[in-house]
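Engineer: Dropping a structure here in C-alpha cells format, bear with me for questions.
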Amino acid sequence: MRFYELDREGRLAVLKEHASLTDEDIKILREGSGIDFKMADSMVENAVSFISYPLGIATNFLINGKEYLVPMAIEEPSVIAAASKGAKIARLRGGFTAHADPSVMIGQVQVKDVMKDVEKAMEEVMNSKDELLCIANSKSSLARKGAGARDLRCKVIDTARGKMLIVELLVDVKDAMGANVVNTMCEAIASRVESITNGKVLLRILSNYAAYRLVKATARFAREEVGDDAVEGILDAYAFAEADVYRCVTHNKGVMNGIIAVANATAQDTRAIEAGAHAYACRSGRYSSLTHWGKDSNGDLVGSIELPLAVGIVGGLTSTHPIARLSLKILRVGSAQELACIMASVGLAQNFSALHALVREGIQAGHMRLHARKVAMLAGAEGSLLNEVAERLAREGNITVEHARQIMQEIGSDS
Ligand code: MEV
C-alpha cells in the first residue's frame, strides 16, 4: 500500500521503521503533544491558548541519494500531495541534487556620529579586527567547535541622516539558526567599536538577509511523465513569472508553501526565512523567480532553486518542542545544511507541481477532491465509503454535506 492509502496507525508504523522512532515518540505523535501552557506562557506575553496545524508527511524525496520522509505542517490542502508528486517524478531521473553553503550569518553594528573622519574610523576598526573577533568569540563556544565569528568588515553608508559606519561580523553559526549568538556577539563588540571610532553605536543586530547561507537544489523531471505540452507550458509559466511581478509573487508563494511547511514542522523562524527569500528574489533590483526552469537535450524539464535559508537543528524550539524534535528525527538530518537542502528540494518540487497542475487541469480540481473528502467525512463517511462518497461529490460537482448524506443513503440501499 502507498503511504497515503494507509490509515493513521499504518503511517505511524512506517515512520517508526524509517526513523527508528521509540514507542514514546509514537505516543507523542499520536497525541499531537505540543508545548504545555506553562511553556507557552514563558514564551510569549499575555498567553491564553494554542493554535495547531495538521502535520503530514511528504513522500518520495530522494535528495543527494538519501531517502527522506518529510514532515510538513500546513493548513492548506494539496500542498503535501503536490510535494510528494513532484518528488515522485523527480526520482525517475535520480531525485534532487542539493548543496548548502556553510551557515554564515551577518551581524550588523550601526555607528553614527563618528567624530573622526569616517574612512579613518573604518580603517581603525579593520586594524582591530582580530581583537573584535576575539571579543565576539568569547561569548560563545562556537569557536571551539571550529566555527564562530570568522570575519569582520566595514562599510560607510549614506543615509537620510548623514553618513554612518556599519561594522559587520560574519559568524559561522554551524547548526543553529544563529540569531541569538549573532546578536550577543554584536552587543559584545559594541563598546569597543565606540571607543575605536569615537562614534555612537545604535543598532546591534543580525541581518535576516542570510546572503552567505545559500542553498541550491536541482532536479530533472522526465518528459514522458510531465508530458511534452506540459513541459512547454511550464516554460511559458516560468517566463510569465519572470516578466510580471504579479505572477512572480504567486509563483514564489507556491515555492514557499513547501519551504514554510517544513519550517513549521521543525519550528524554524518562518518570518526570517520569508524575509530573506524575498530579498534574494530582488537581488538584481527586480523581483524574480526563486526557481529556474529549462529543458535539456532529452526534452526533460530541468528545474533549479536558489535561496538563502537560515535554519537550525539546535537551539530555539527545534529540540524543545516535542513535535519539532520528532520532525527532525523523522528527517534523519545531521546538520542545518542538510535541513536546508531538504527544504530547497521541497520548494522546487512544490513549484513544479503547482505549475504542472496550473498548465493542465488548473489547481481547483485537486482542491475540490480534497474538499469533497472533508465534506464526506463531515457527513460521517468512513473507510472505503469515504473514497466512494468523496469521488461522487467531486464528480457531480455538488459538494455539500446534505448531498453526501444522500449518496450514503443510496449506497446503503443498493448494498
Ligand atoms: C497556492 O497556494 C499556490 C499556487 O498559487 C502557486 C502558483 O500559482 O504557482 C498554486
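Here's how to read the names in the C-alpha cells: chain A, B, ... by the order shown, residue numbers from 1 in each chain, ligand numbers from 1 in the order shown.
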At a cut-off of 7 Å, using only C-alpha atoms, what residues contact segment 290-298 of chain A? Leave out same-chain residues fewer than 4 positions from it and give the result as a PyMOL selection string.

Structural biologist: chain A and resi 235+238+252+281+302-307+348

Engineer: Using the selection just defined, write its residues with all heavy atoms as a tab-separated table (two decimals), in the first residue's frame.

Structural biologist:
```tsv
chain	number	residue	atom	x	y	z
A	235	LEU	N	7.46	26.03	-19.08
A	235	LEU	CA	8.43	27.05	-19.52
A	235	LEU	C	7.72	28.39	-19.78
A	235	LEU	O	8.24	29.46	-19.44
A	235	LEU	CB	9.19	26.58	-20.76
A	235	LEU	CG	10.07	25.34	-20.53
A	235	LEU	CD1	10.75	24.90	-21.82
A	235	LEU	CD2	11.13	25.60	-19.45
A	238	TYR	N	6.88	29.89	-16.41
A	238	TYR	CA	8.09	30.46	-15.81
A	238	TYR	C	8.42	31.82	-16.46
A	238	TYR	O	8.74	32.80	-15.76
A	238	TYR	CB	9.24	29.46	-15.99
A	238	TYR	CG	10.61	29.99	-15.67
A	238	TYR	CD1	10.89	30.59	-14.45
A	238	TYR	CD2	11.65	29.88	-16.60
A	238	TYR	CE1	12.16	31.08	-14.16
A	238	TYR	CE2	12.91	30.35	-16.32
A	238	TYR	CZ	13.16	30.95	-15.10
A	238	TYR	OH	14.41	31.43	-14.82
A	252	ASN	N	6.38	32.43	-6.43
A	252	ASN	CA	7.26	32.23	-5.27
A	252	ASN	C	6.47	31.83	-4.03
A	252	ASN	O	6.98	31.12	-3.17
A	252	ASN	CB	8.08	33.49	-5.00
A	252	ASN	CG	9.21	33.67	-6.00
A	252	ASN	OD1	9.57	32.72	-6.70
A	252	ASN	ND2	9.76	34.87	-6.08
A	281	ALA	N	15.10	37.27	-3.92
A	281	ALA	CA	14.38	37.31	-5.20
A	281	ALA	C	14.52	38.69	-5.85
A	281	ALA	O	14.31	38.83	-7.05
A	281	ALA	CB	12.91	36.96	-4.99
A	302	VAL	N	14.17	20.73	-16.65
A	302	VAL	CA	15.23	20.86	-15.64
A	302	VAL	C	14.90	22.04	-14.75
A	302	VAL	O	14.74	23.16	-15.24
A	302	VAL	CB	16.61	21.07	-16.31
A	302	VAL	CG1	17.71	21.09	-15.24
A	302	VAL	CG2	16.88	19.98	-17.33
A	303	GLY	N	14.79	21.77	-13.46
A	303	GLY	CA	14.44	22.84	-12.53
A	303	GLY	C	15.56	23.07	-11.53
A	303	GLY	O	16.27	22.14	-11.16
A	304	SER	N	15.72	24.31	-11.10
A	304	SER	CA	16.66	24.58	-10.01
A	304	SER	C	16.08	25.68	-9.14
A	304	SER	O	15.20	26.44	-9.56
A	304	SER	CB	18.03	24.98	-10.56
A	304	SER	OG	17.93	26.19	-11.24
A	305	ILE	N	16.58	25.71	-7.92
A	305	ILE	CA	16.13	26.73	-6.96
A	305	ILE	C	17.35	27.20	-6.21
A	305	ILE	O	18.26	26.41	-5.95
A	305	ILE	CB	15.08	26.12	-5.99
A	305	ILE	CG1	14.57	27.17	-5.00
A	305	ILE	CG2	15.62	24.93	-5.22
A	305	ILE	CD1	13.36	26.70	-4.18
A	306	GLU	N	17.39	28.48	-5.89
A	306	GLU	CA	18.47	29.00	-5.06
A	306	GLU	C	17.90	30.07	-4.16
A	306	GLU	O	17.18	30.96	-4.63
A	306	GLU	CB	19.58	29.58	-5.94
A	306	GLU	CG	20.79	30.00	-5.12
A	306	GLU	CD	21.94	30.48	-6.00
A	306	GLU	OE1	21.92	31.65	-6.40
A	306	GLU	OE2	22.84	29.68	-6.28
A	307	LEU	N	18.21	29.97	-2.89
A	307	LEU	CA	17.74	30.99	-1.94
A	307	LEU	C	18.54	30.90	-0.66
A	307	LEU	O	19.16	29.87	-0.39
A	307	LEU	CB	16.23	30.85	-1.66
A	307	LEU	CG	15.72	29.77	-0.72
A	307	LEU	CD1	14.29	30.07	-0.33
A	307	LEU	CD2	15.81	28.39	-1.30
A	348	LEU	N	11.31	23.29	-4.61
A	348	LEU	CA	11.37	23.06	-6.05
A	348	LEU	C	10.27	22.09	-6.49
A	348	LEU	O	9.58	22.32	-7.49
A	348	LEU	CB	12.76	22.51	-6.42
A	348	LEU	CG	13.02	22.26	-7.90
A	348	LEU	CD1	12.89	23.55	-8.72
A	348	LEU	CD2	14.43	21.67	-8.11
```

Engineer: Considering only C-alpha atoms, return as a PDB file with N, CA and C atoms, in the first residue's frame whatever protein or nucleic-acid residues lie within 10 Å of Ala210 of chain A, sequence-local ones (same chain, fewer than 2 positions apart) excluded.

Structural biologist:
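What follows is the written file part22.pdb:
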```pdb
ATOM      1  N   SER A 103      27.049  27.742   7.357  1.00  0.00           N
ATOM      2  CA  SER A 103      25.987  28.558   7.971  1.00  0.00           C
ATOM      3  C   SER A 103      26.490  29.928   8.433  1.00  0.00           C
ATOM      4  N   VAL A 104      26.892  30.754   7.496  1.00  0.00           N
ATOM      5  CA  VAL A 104      27.455  32.065   7.867  1.00  0.00           C
ATOM      6  C   VAL A 104      26.360  33.132   7.903  1.00  0.00           C
ATOM      7  N   MET A 105      26.213  33.735   9.080  1.00  0.00           N
ATOM      8  CA  MET A 105      25.233  34.812   9.256  1.00  0.00           C
ATOM      9  C   MET A 105      25.971  36.144   9.396  1.00  0.00           C
ATOM     10  N   ILE A 106      25.260  37.210   9.114  1.00  0.00           N
ATOM     11  CA  ILE A 106      25.858  38.552   9.208  1.00  0.00           C
ATOM     12  C   ILE A 106      25.244  39.281  10.400  1.00  0.00           C
ATOM     13  N   GLY A 107      26.100  39.852  11.233  1.00  0.00           N
ATOM     14  CA  GLY A 107      25.614  40.697  12.325  1.00  0.00           C
ATOM     15  C   GLY A 107      26.018  42.132  12.035  1.00  0.00           C
ATOM     16  N   LEU A 206      21.485  40.973  14.115  1.00  0.00           N
ATOM     17  CA  LEU A 206      21.810  40.185  12.916  1.00  0.00           C
ATOM     18  C   LEU A 206      21.020  40.711  11.720  1.00  0.00           C
ATOM     19  N   SER A 207      21.504  40.371  10.533  1.00  0.00           N
ATOM     20  CA  SER A 207      20.741  40.643   9.310  1.00  0.00           C
ATOM     21  C   SER A 207      20.008  39.366   8.946  1.00  0.00           C
ATOM     22  N   ASN A 208      18.714  39.509   8.677  1.00  0.00           N
ATOM     23  CA  ASN A 208      17.959  38.331   8.222  1.00  0.00           C
ATOM     24  C   ASN A 208      18.157  38.073   6.732  1.00  0.00           C
ATOM     25  N   TYR A 212      24.938  34.803   2.627  1.00  0.00           N
ATOM     26  CA  TYR A 212      26.059  33.847   2.517  1.00  0.00           C
ATOM     27  C   TYR A 212      25.628  32.426   2.830  1.00  0.00           C
ATOM     28  N   ARG A 213      24.351  32.292   3.183  1.00  0.00           N
ATOM     29  CA  ARG A 213      23.871  30.970   3.596  1.00  0.00           C
ATOM     30  C   ARG A 213      22.947  30.434   2.507  1.00  0.00           C
ATOM     31  N   LEU A 214      23.488  30.339   1.321  1.00  0.00           N
ATOM     32  CA  LEU A 214      22.655  29.966   0.173  1.00  0.00           C
ATOM     33  C   LEU A 214      22.535  28.454   0.058  1.00  0.00           C
ATOM     34  N   ALA A 272      11.861  34.974   9.285  1.00  0.00           N
ATOM     35  CA  ALA A 272      13.234  35.208   8.809  1.00  0.00           C
ATOM     36  C   ALA A 272      13.428  34.555   7.443  1.00  0.00           C
ATOM     37  N   ILE A 273      12.876  33.363   7.286  1.00  0.00           N
ATOM     38  CA  ILE A 273      13.031  32.642   6.015  1.00  0.00           C
ATOM     39  C   ILE A 273      12.336  33.400   4.887  1.00  0.00           C
ATOM     40  N   ALA A 275      11.459  36.636   4.785  1.00  0.00           N
ATOM     41  CA  ALA A 275      12.081  37.943   4.519  1.00  0.00           C
ATOM     42  C   ALA A 275      13.349  37.762   3.688  1.00  0.00           C
ATOM     43  N   GLY A 276      14.168  36.786   4.064  1.00  0.00           N
ATOM     44  CA  GLY A 276      15.427  36.540   3.347  1.00  0.00           C
ATOM     45  C   GLY A 276      15.170  36.087   1.919  1.00  0.00           C
ATOM     46  N   ALA A 277      14.188  35.202   1.746  1.00  0.00           N
ATOM     47  CA  ALA A 277      13.909  34.658   0.411  1.00  0.00           C
ATOM     48  C   ALA A 277      13.452  35.769  -0.537  1.00  0.00           C
ATOM     49  N   ALA A 279      13.950  39.010  -0.273  1.00  0.00           N
ATOM     50  CA  ALA A 279      15.056  39.949  -0.557  1.00  0.00           C
ATOM     51  C   ALA A 279      15.954  39.354  -1.628  1.00  0.00           C
ATOM     52  N   TYR A 280      16.203  38.040  -1.542  1.00  0.00           N
ATOM     53  CA  TYR A 280      17.067  37.386  -2.531  1.00  0.00           C
ATOM     54  C   TYR A 280      16.417  37.423  -3.916  1.00  0.00           C
ATOM     55  N   LEU A 307      18.205  29.970  -2.888  1.00  0.00           N
ATOM     56  CA  LEU A 307      17.740  30.992  -1.939  1.00  0.00           C
ATOM     57  C   LEU A 307      18.539  30.898  -0.656  1.00  0.00           C
ATOM     58  N   PRO A 308      18.527  31.964   0.144  1.00  0.00           N
ATOM     59  CA  PRO A 308      19.172  31.862   1.452  1.00  0.00           C
ATOM     60  C   PRO A 308      18.242  31.148   2.421  1.00  0.00           C
ATOM     61  N   LEU A 309      18.781  30.278   3.247  1.00  0.00           N
ATOM     62  CA  LEU A 309      17.934  29.608   4.244  1.00  0.00           C
ATOM     63  C   LEU A 309      18.671  29.567   5.580  1.00  0.00           C
ATOM     64  N   ALA A 310      18.202  30.386   6.508  1.00  0.00           N
ATOM     65  CA  ALA A 310      18.786  30.394   7.850  1.00  0.00           C
ATOM     66  C   ALA A 310      17.935  29.477   8.716  1.00  0.00           C
TER      67      ALA A 310
END
```

Engineer: I'd like the neighbourhood of segment 22-33 of chain A as a PyMOL selection string, where a residue qualifies if any of its atoms comes within 10 Å (using only C-alpha atoms), though same-chain residues fewer than 5 positions away should be ignored.

Structural biologist: chain A and resi 8-9+12-13+15-17+52-55+321-323+325-327+329

Engineer: Selected residues, N, CA, C and O atoms, written as a PDB file, in the first residue's frame, please.

Structural biologist:
```pdb
ATOM      1  N   ARG A   8      -3.996   6.036   9.850  1.00  0.00           N
ATOM      2  CA  ARG A   8      -3.023   6.748  10.684  1.00  0.00           C
ATOM      3  C   ARG A   8      -2.024   5.793  11.335  1.00  0.00           C
ATOM      4  O   ARG A   8      -0.818   6.064  11.364  1.00  0.00           O
ATOM      5  N   GLU A   9      -2.520   4.682  11.861  1.00  0.00           N
ATOM      6  CA  GLU A   9      -1.618   3.731  12.533  1.00  0.00           C
ATOM      7  C   GLU A   9      -0.598   3.165  11.548  1.00  0.00           C
ATOM      8  O   GLU A   9       0.573   2.977  11.887  1.00  0.00           O
ATOM      9  N   LEU A  12       2.007   5.780  10.958  1.00  0.00           N
ATOM     10  CA  LEU A  12       2.913   5.886  12.105  1.00  0.00           C
ATOM     11  C   LEU A  12       3.891   4.710  12.123  1.00  0.00           C
ATOM     12  O   LEU A  12       5.075   4.872  12.441  1.00  0.00           O
ATOM     13  N   ALA A  13       3.397   3.532  11.705  1.00  0.00           N
ATOM     14  CA  ALA A  13       4.273   2.346  11.690  1.00  0.00           C
ATOM     15  C   ALA A  13       5.399   2.528  10.666  1.00  0.00           C
ATOM     16  O   ALA A  13       6.550   2.173  10.930  1.00  0.00           O
ATOM     17  N   LEU A  15       6.691   5.398   9.745  1.00  0.00           N
ATOM     18  CA  LEU A  15       7.631   6.378  10.311  1.00  0.00           C
ATOM     19  C   LEU A  15       8.517   5.726  11.366  1.00  0.00           C
ATOM     20  O   LEU A  15       9.718   5.990  11.457  1.00  0.00           O
ATOM     21  N   LYS A  16       7.897   4.857  12.163  1.00  0.00           N
ATOM     22  CA  LYS A  16       8.632   4.189  13.245  1.00  0.00           C
ATOM     23  C   LYS A  16       9.812   3.405  12.668  1.00  0.00           C
ATOM     24  O   LYS A  16      10.952   3.507  13.136  1.00  0.00           O
ATOM     25  N   GLU A  17       9.504   2.675  11.625  1.00  0.00           N
ATOM     26  CA  GLU A  17      10.521   1.845  10.978  1.00  0.00           C
ATOM     27  C   GLU A  17      11.581   2.733  10.295  1.00  0.00           C
ATOM     28  O   GLU A  17      12.783   2.529  10.460  1.00  0.00           O
ATOM     29  N   SER A  52      -3.100  24.931  16.545  1.00  0.00           N
ATOM     30  CA  SER A  52      -2.269  23.877  15.958  1.00  0.00           C
ATOM     31  C   SER A  52      -2.615  23.667  14.490  1.00  0.00           C
ATOM     32  O   SER A  52      -3.707  24.002  14.037  1.00  0.00           O
ATOM     33  N   TYR A  53      -1.657  23.115  13.765  1.00  0.00           N
ATOM     34  CA  TYR A  53      -1.810  22.801  12.336  1.00  0.00           C
ATOM     35  C   TYR A  53      -1.704  21.308  12.149  1.00  0.00           C
ATOM     36  O   TYR A  53      -1.043  20.627  12.934  1.00  0.00           O
ATOM     37  N   PRO A  54      -2.271  20.788  11.043  1.00  0.00           N
ATOM     38  CA  PRO A  54      -2.046  19.373  10.752  1.00  0.00           C
ATOM     39  C   PRO A  54      -0.578  19.139  10.378  1.00  0.00           C
ATOM     40  O   PRO A  54       0.038  19.992   9.739  1.00  0.00           O
ATOM     41  N   LEU A  55      -0.059  17.998  10.782  1.00  0.00           N
ATOM     42  CA  LEU A  55       1.295  17.594  10.384  1.00  0.00           C
ATOM     43  C   LEU A  55       1.150  16.400   9.455  1.00  0.00           C
ATOM     44  O   LEU A  55       0.608  15.372   9.844  1.00  0.00           O
ATOM     45  N   HIS A 321      10.454  21.611  21.418  1.00  0.00           N
ATOM     46  CA  HIS A 321       9.073  21.312  21.029  1.00  0.00           C
ATOM     47  C   HIS A 321       9.020  19.833  20.643  1.00  0.00           C
ATOM     48  O   HIS A 321       9.738  19.397  19.730  1.00  0.00           O
ATOM     49  N   PRO A 322       8.188  19.040  21.314  1.00  0.00           N
ATOM     50  CA  PRO A 322       8.224  17.589  21.070  1.00  0.00           C
ATOM     51  C   PRO A 322       7.989  17.214  19.603  1.00  0.00           C
ATOM     52  O   PRO A 322       8.656  16.315  19.086  1.00  0.00           O
ATOM     53  N   ILE A 323       7.069  17.903  18.942  1.00  0.00           N
ATOM     54  CA  ILE A 323       6.791  17.530  17.539  1.00  0.00           C
ATOM     55  C   ILE A 323       7.918  18.012  16.622  1.00  0.00           C
ATOM     56  O   ILE A 323       8.309  17.307  15.684  1.00  0.00           O
ATOM     57  N   ARG A 325      11.020  18.291  17.451  1.00  0.00           N
ATOM     58  CA  ARG A 325      12.137  17.350  17.685  1.00  0.00           C
ATOM     59  C   ARG A 325      11.905  16.072  16.888  1.00  0.00           C
ATOM     60  O   ARG A 325      12.808  15.538  16.238  1.00  0.00           O
ATOM     61  N   LEU A 326      10.665  15.590  16.899  1.00  0.00           N
ATOM     62  CA  LEU A 326      10.362  14.353  16.159  1.00  0.00           C
ATOM     63  C   LEU A 326      10.402  14.565  14.652  1.00  0.00           C
ATOM     64  O   LEU A 326      10.805  13.669  13.902  1.00  0.00           O
ATOM     65  N   SER A 327       9.997  15.741  14.216  1.00  0.00           N
ATOM     66  CA  SER A 327      10.086  16.027  12.775  1.00  0.00           C
ATOM     67  C   SER A 327      11.542  15.923  12.325  1.00  0.00           C
ATOM     68  O   SER A 327      11.848  15.361  11.268  1.00  0.00           O
ATOM     69  N   LYS A 329      13.813  14.196  13.771  1.00  0.00           N
ATOM     70  CA  LYS A 329      14.209  12.782  13.865  1.00  0.00           C
ATOM     71  C   LYS A 329      13.710  12.015  12.630  1.00  0.00           C
ATOM     72  O   LYS A 329      14.427  11.194  12.062  1.00  0.00           O
TER      73      LYS A 329
END
```

Engineer: Neighbouring residues of Ser49 of chain A were defined as those with any atom within 12 Å, considering only C-alpha atoms; residues of the same chain fewer than 4 positions away were excluded. Please report them as a short mmCIF file (atom, residue, chain, number, x, y, z; two decimals) with C-alpha atoms, in the first residue's frame.

Structural biologist:
```
data_model
loop_
_atom_site.label_atom_id
_atom_site.label_comp_id
_atom_site.auth_asym_id
_atom_site.auth_seq_id
_atom_site.Cartn_x
_atom_site.Cartn_y
_atom_site.Cartn_z
CA GLY A 34 2.87 20.23 21.73
CA ILE A 35 4.14 22.62 24.32
CA ASP A 36 2.24 22.98 27.59
CA PHE A 37 0.68 26.19 28.79
CA LYS A 38 3.48 26.86 31.25
CA MET A 39 5.95 26.84 28.39
CA ALA A 40 3.66 28.91 26.16
CA ASP A 41 3.31 31.45 28.95
CA VAL A 44 5.05 34.96 24.70
CA GLU A 45 3.20 37.67 26.52
#
```

Engineer: How close does each residue of chain A get to ligand 1, giving the shortest atom pair and distance in Å to one decimal for every residue with an atom at most 12 Å away, counting only C-alpha atoms and all ligand atoms, sorted by chain and residue number, as JSON lines?

Structural biologist:
```
{"residue": "A:Ile74", "atom": "CA", "partner": "ligand 1", "partner_atom_place_in_ligand_line": "2 (O)", "distance": 10.7}
{"residue": "A:Glu75", "atom": "CA", "partner": "ligand 1", "partner_atom_place_in_ligand_line": "2 (O)", "distance": 10.4}
{"residue": "A:Glu76", "atom": "CA", "partner": "ligand 1", "partner_atom_place_in_ligand_line": "2 (O)", "distance": 7.2}
{"residue": "A:Pro77", "atom": "CA", "partner": "ligand 1", "partner_atom_place_in_ligand_line": "2 (O)", "distance": 8.8}
{"residue": "A:Ser78", "atom": "CA", "partner": "ligand 1", "partner_atom_place_in_ligand_line": "2 (O)", "distance": 8.6}
{"residue": "A:Val79", "atom": "CA", "partner": "ligand 1", "partner_atom_place_in_ligand_line": "2 (O)", "distance": 7.5}
{"residue": "A:Ile80", "atom": "CA", "partner": "ligand 1", "partner_atom_place_in_ligand_line": "2 (O)", "distance": 11.3}
{"residue": "A:Ala82", "atom": "CA", "partner": "ligand 1", "partner_atom_place_in_ligand_line": "10 (C)", "distance": 9.8}
{"residue": "A:Ala83", "atom": "CA", "partner": "ligand 1", "partner_atom_place_in_ligand_line": "3 (C)", "distance": 11.7}
{"residue": "A:Ile234", "atom": "CA", "partner": "ligand 1", "partner_atom_place_in_ligand_line": "9 (O)", "distance": 10.1}
{"residue": "A:Ala237", "atom": "CA", "partner": "ligand 1", "partner_atom_place_in_ligand_line": "9 (O)", "distance": 8.6}
{"residue": "A:Tyr238", "atom": "CA", "partner": "ligand 1", "partner_atom_place_in_ligand_line": "9 (O)", "distance": 9.3}
{"residue": "A:Phe240", "atom": "CA", "partner": "ligand 1", "partner_atom_place_in_ligand_line": "9 (O)", "distance": 10.8}
{"residue": "A:Ala241", "atom": "CA", "partner": "ligand 1", "partner_atom_place_in_ligand_line": "9 (O)", "distance": 8.9}
{"residue": "A:Tyr246", "atom": "CA", "partner": "ligand 1", "partner_atom_place_in_ligand_line": "8 (O)", "distance": 10.5}
{"residue": "A:Arg247", "atom": "CA", "partner": "ligand 1", "partner_atom_place_in_ligand_line": "8 (O)", "distance": 7.5}
{"residue": "A:Cys248", "atom": "CA", "partner": "ligand 1", "partner_atom_place_in_ligand_line": "9 (O)", "distance": 8.2}
{"residue": "A:Val249", "atom": "CA", "partner": "ligand 1", "partner_atom_place_in_ligand_line": "7 (C)", "distance": 8.7}
{"residue": "A:Thr250", "atom": "CA", "partner": "ligand 1", "partner_atom_place_in_ligand_line": "8 (O)", "distance": 5.1}
{"residue": "A:His251", "atom": "CA", "partner": "ligand 1", "partner_atom_place_in_ligand_line": "9 (O)", "distance": 3.8}
{"residue": "A:Asn252", "atom": "CA", "partner": "ligand 1", "partner_atom_place_in_ligand_line": "9 (O)", "distance": 6.9}
{"residue": "A:Lys253", "atom": "CA", "partner": "ligand 1", "partner_atom_place_in_ligand_line": "6 (C)", "distance": 5.9}
{"residue": "A:Gly254", "atom": "CA", "partner": "ligand 1", "partner_atom_place_in_ligand_line": "6 (C)", "distance": 3.7}
{"residue": "A:Val255", "atom": "CA", "partner": "ligand 1", "partner_atom_place_in_ligand_line": "6 (C)", "distance": 7.2}
{"residue": "A:Met256", "atom": "CA", "partner": "ligand 1", "partner_atom_place_in_ligand_line": "3 (C)", "distance": 8.7}
{"residue": "A:Asn257", "atom": "CA", "partner": "ligand 1", "partner_atom_place_in_ligand_line": "2 (O)", "distance": 6.4}
{"residue": "A:Gly258", "atom": "CA", "partner": "ligand 1", "partner_atom_place_in_ligand_line": "2 (O)", "distance": 9.5}
{"residue": "A:Ile260", "atom": "CA", "partner": "ligand 1", "partner_atom_place_in_ligand_line": "2 (O)", "distance": 11.6}
{"residue": "A:Ala261", "atom": "CA", "partner": "ligand 1", "partner_atom_place_in_ligand_line": "2 (O)", "distance": 11.6}
{"residue": "A:Ser289", "atom": "CA", "partner": "ligand 1", "partner_atom_place_in_ligand_line": "9 (O)", "distance": 10.5}
{"residue": "A:Leu290", "atom": "CA", "partner": "ligand 1", "partner_atom_place_in_ligand_line": "9 (O)", "distance": 11.5}
{"residue": "A:Thr291", "atom": "CA", "partner": "ligand 1", "partner_atom_place_in_ligand_line": "9 (O)", "distance": 10.9}
{"residue": "A:Gly347", "atom": "CA", "partner": "ligand 1", "partner_atom_place_in_ligand_line": "6 (C)", "distance": 11.0}
{"residue": "A:Leu348", "atom": "CA", "partner": "ligand 1", "partner_atom_place_in_ligand_line": "9 (O)", "distance": 11.0}
{"residue": "A:Ala349", "atom": "CA", "partner": "ligand 1", "partner_atom_place_in_ligand_line": "9 (O)", "distance": 11.4}
{"residue": "A:Gln350", "atom": "CA", "partner": "ligand 1", "partner_atom_place_in_ligand_line": "6 (C)", "distance": 8.3}
{"residue": "A:Asn351", "atom": "CA", "partner": "ligand 1", "partner_atom_place_in_ligand_line": "9 (O)", "distance": 6.1}
{"residue": "A:Phe352", "atom": "CA", "partner": "ligand 1", "partner_atom_place_in_ligand_line": "9 (O)", "distance": 8.4}
{"residue": "A:Ser353", "atom": "CA", "partner": "ligand 1", "partner_atom_place_in_ligand_line": "9 (O)", "distance": 8.5}
{"residue": "A:Ala354", "atom": "CA", "partner": "ligand 1", "partner_atom_place_in_ligand_line": "10 (C)", "distance": 4.9}
{"residue": "A:Leu355", "atom": "CA", "partner": "ligand 1", "partner_atom_place_in_ligand_line": "9 (O)", "distance": 5.5}
{"residue": "A:His356", "atom": "CA", "partner": "ligand 1", "partner_atom_place_in_ligand_line": "9 (O)", "distance": 9.1}
{"residue": "A:Ala357", "atom": "CA", "partner": "ligand 1", "partner_atom_place_in_ligand_line": "10 (C)", "distance": 8.0}
{"residue": "A:Leu358", "atom": "CA", "partner": "ligand 1", "partner_atom_place_in_ligand_line": "8 (O)", "distance": 7.1}
{"residue": "A:Val359", "atom": "CA", "partner": "ligand 1", "partner_atom_place_in_ligand_line": "9 (O)", "distance": 10.0}
{"residue": "A:Glu361", "atom": "CA", "partner": "ligand 1", "partner_atom_place_in_ligand_line": "10 (C)", "distance": 11.9}
{"residue": "A:Gly362", "atom": "CA", "partner": "ligand 1", "partner_atom_place_in_ligand_line": "10 (C)", "distance": 8.6}
{"residue": "A:Ile363", "atom": "CA", "partner": "ligand 1", "partner_atom_place_in_ligand_line": "10 (C)", "distance": 6.3}
{"residue": "A:Gln364", "atom": "CA", "partner": "ligand 1", "partner_atom_place_in_ligand_line": "10 (C)", "distance": 9.1}
{"residue": "A:Ala365", "atom": "CA", "partner": "ligand 1", "partner_atom_place_in_ligand_line": "10 (C)", "distance": 11.7}
{"residue": "A:Gly366", "atom": "CA", "partner": "ligand 1", "partner_atom_place_in_ligand_line": "10 (C)", "distance": 10.6}
{"residue": "A:His367", "atom": "CA", "partner": "ligand 1", "partner_atom_place_in_ligand_line": "1 (C)", "distance": 10.0}
```

Engineer: What is the atom CA of Thr218 of chain A-atom CA of Gly312 of chain A distance in Å, reported with one decimal?

Structural biologist: 22.0 Å

Engineer: Looking only at strand (DSSP E) from DSSP on the backbone, list the matching residues of segment 235-376 of chain A as a PyMOL selection string.

Structural biologist: chain A and resi 291-295+301-308

Engineer: Would you kindly return, as a PyMOL selection string, each protein, DNA or RNA residue with an atom no farther than 10 Å from any atom of Glu402 of chain A, considering only C-alpha atoms and excluding same-chain residues fewer than 6 positions away?

Structural biologist: chain A and resi 375-376+379+408

Engineer: Put those residues in a file: all heavy atoms, as a JSON list (two decimals), in the first residue's frame.

Structural biologist:
```json
[["chain", "number", "residue", "atom", "x", "y", "z"],
["A", 375, "VAL", "N", -15.87, 17.03, 3.22],
["A", 375, "VAL", "CA", -17.33, 17.09, 3.34],
["A", 375, "VAL", "C", -17.90, 15.68, 3.59],
["A", 375, "VAL", "O", -18.79, 15.49, 4.44],
["A", 375, "VAL", "CB", -17.94, 17.74, 2.08],
["A", 375, "VAL", "CG1", -19.45, 17.59, 2.05],
["A", 375, "VAL", "CG2", -17.57, 19.23, 2.05],
["A", 376, "ALA", "N", -17.34, 14.68, 2.87],
["A", 376, "ALA", "CA", -17.81, 13.31, 3.06],
["A", 376, "ALA", "C", -17.56, 12.87, 4.50],
["A", 376, "ALA", "O", -18.39, 12.21, 5.13],
["A", 376, "ALA", "CB", -17.10, 12.37, 2.08],
["A", 379, "ALA", "N", -20.01, 14.30, 6.80],
["A", 379, "ALA", "CA", -21.31, 13.62, 6.70],
["A", 379, "ALA", "C", -21.28, 12.25, 7.39],
["A", 379, "ALA", "O", -22.30, 11.58, 7.45],
["A", 379, "ALA", "CB", -21.69, 13.48, 5.23],
["A", 408, "MET", "N", -24.75, 8.56, 0.60],
["A", 408, "MET", "CA", -24.54, 7.46, 1.56],
["A", 408, "MET", "C", -25.80, 6.60, 1.68],
["A", 408, "MET", "O", -25.73, 5.38, 1.76],
["A", 408, "MET", "CB", -24.12, 8.01, 2.93],
["A", 408, "MET", "CG", -22.67, 8.47, 2.95],
["A", 408, "MET", "SD", -22.31, 9.54, 4.33],
["A", 408, "MET", "CE", -22.40, 8.40, 5.69]]
```
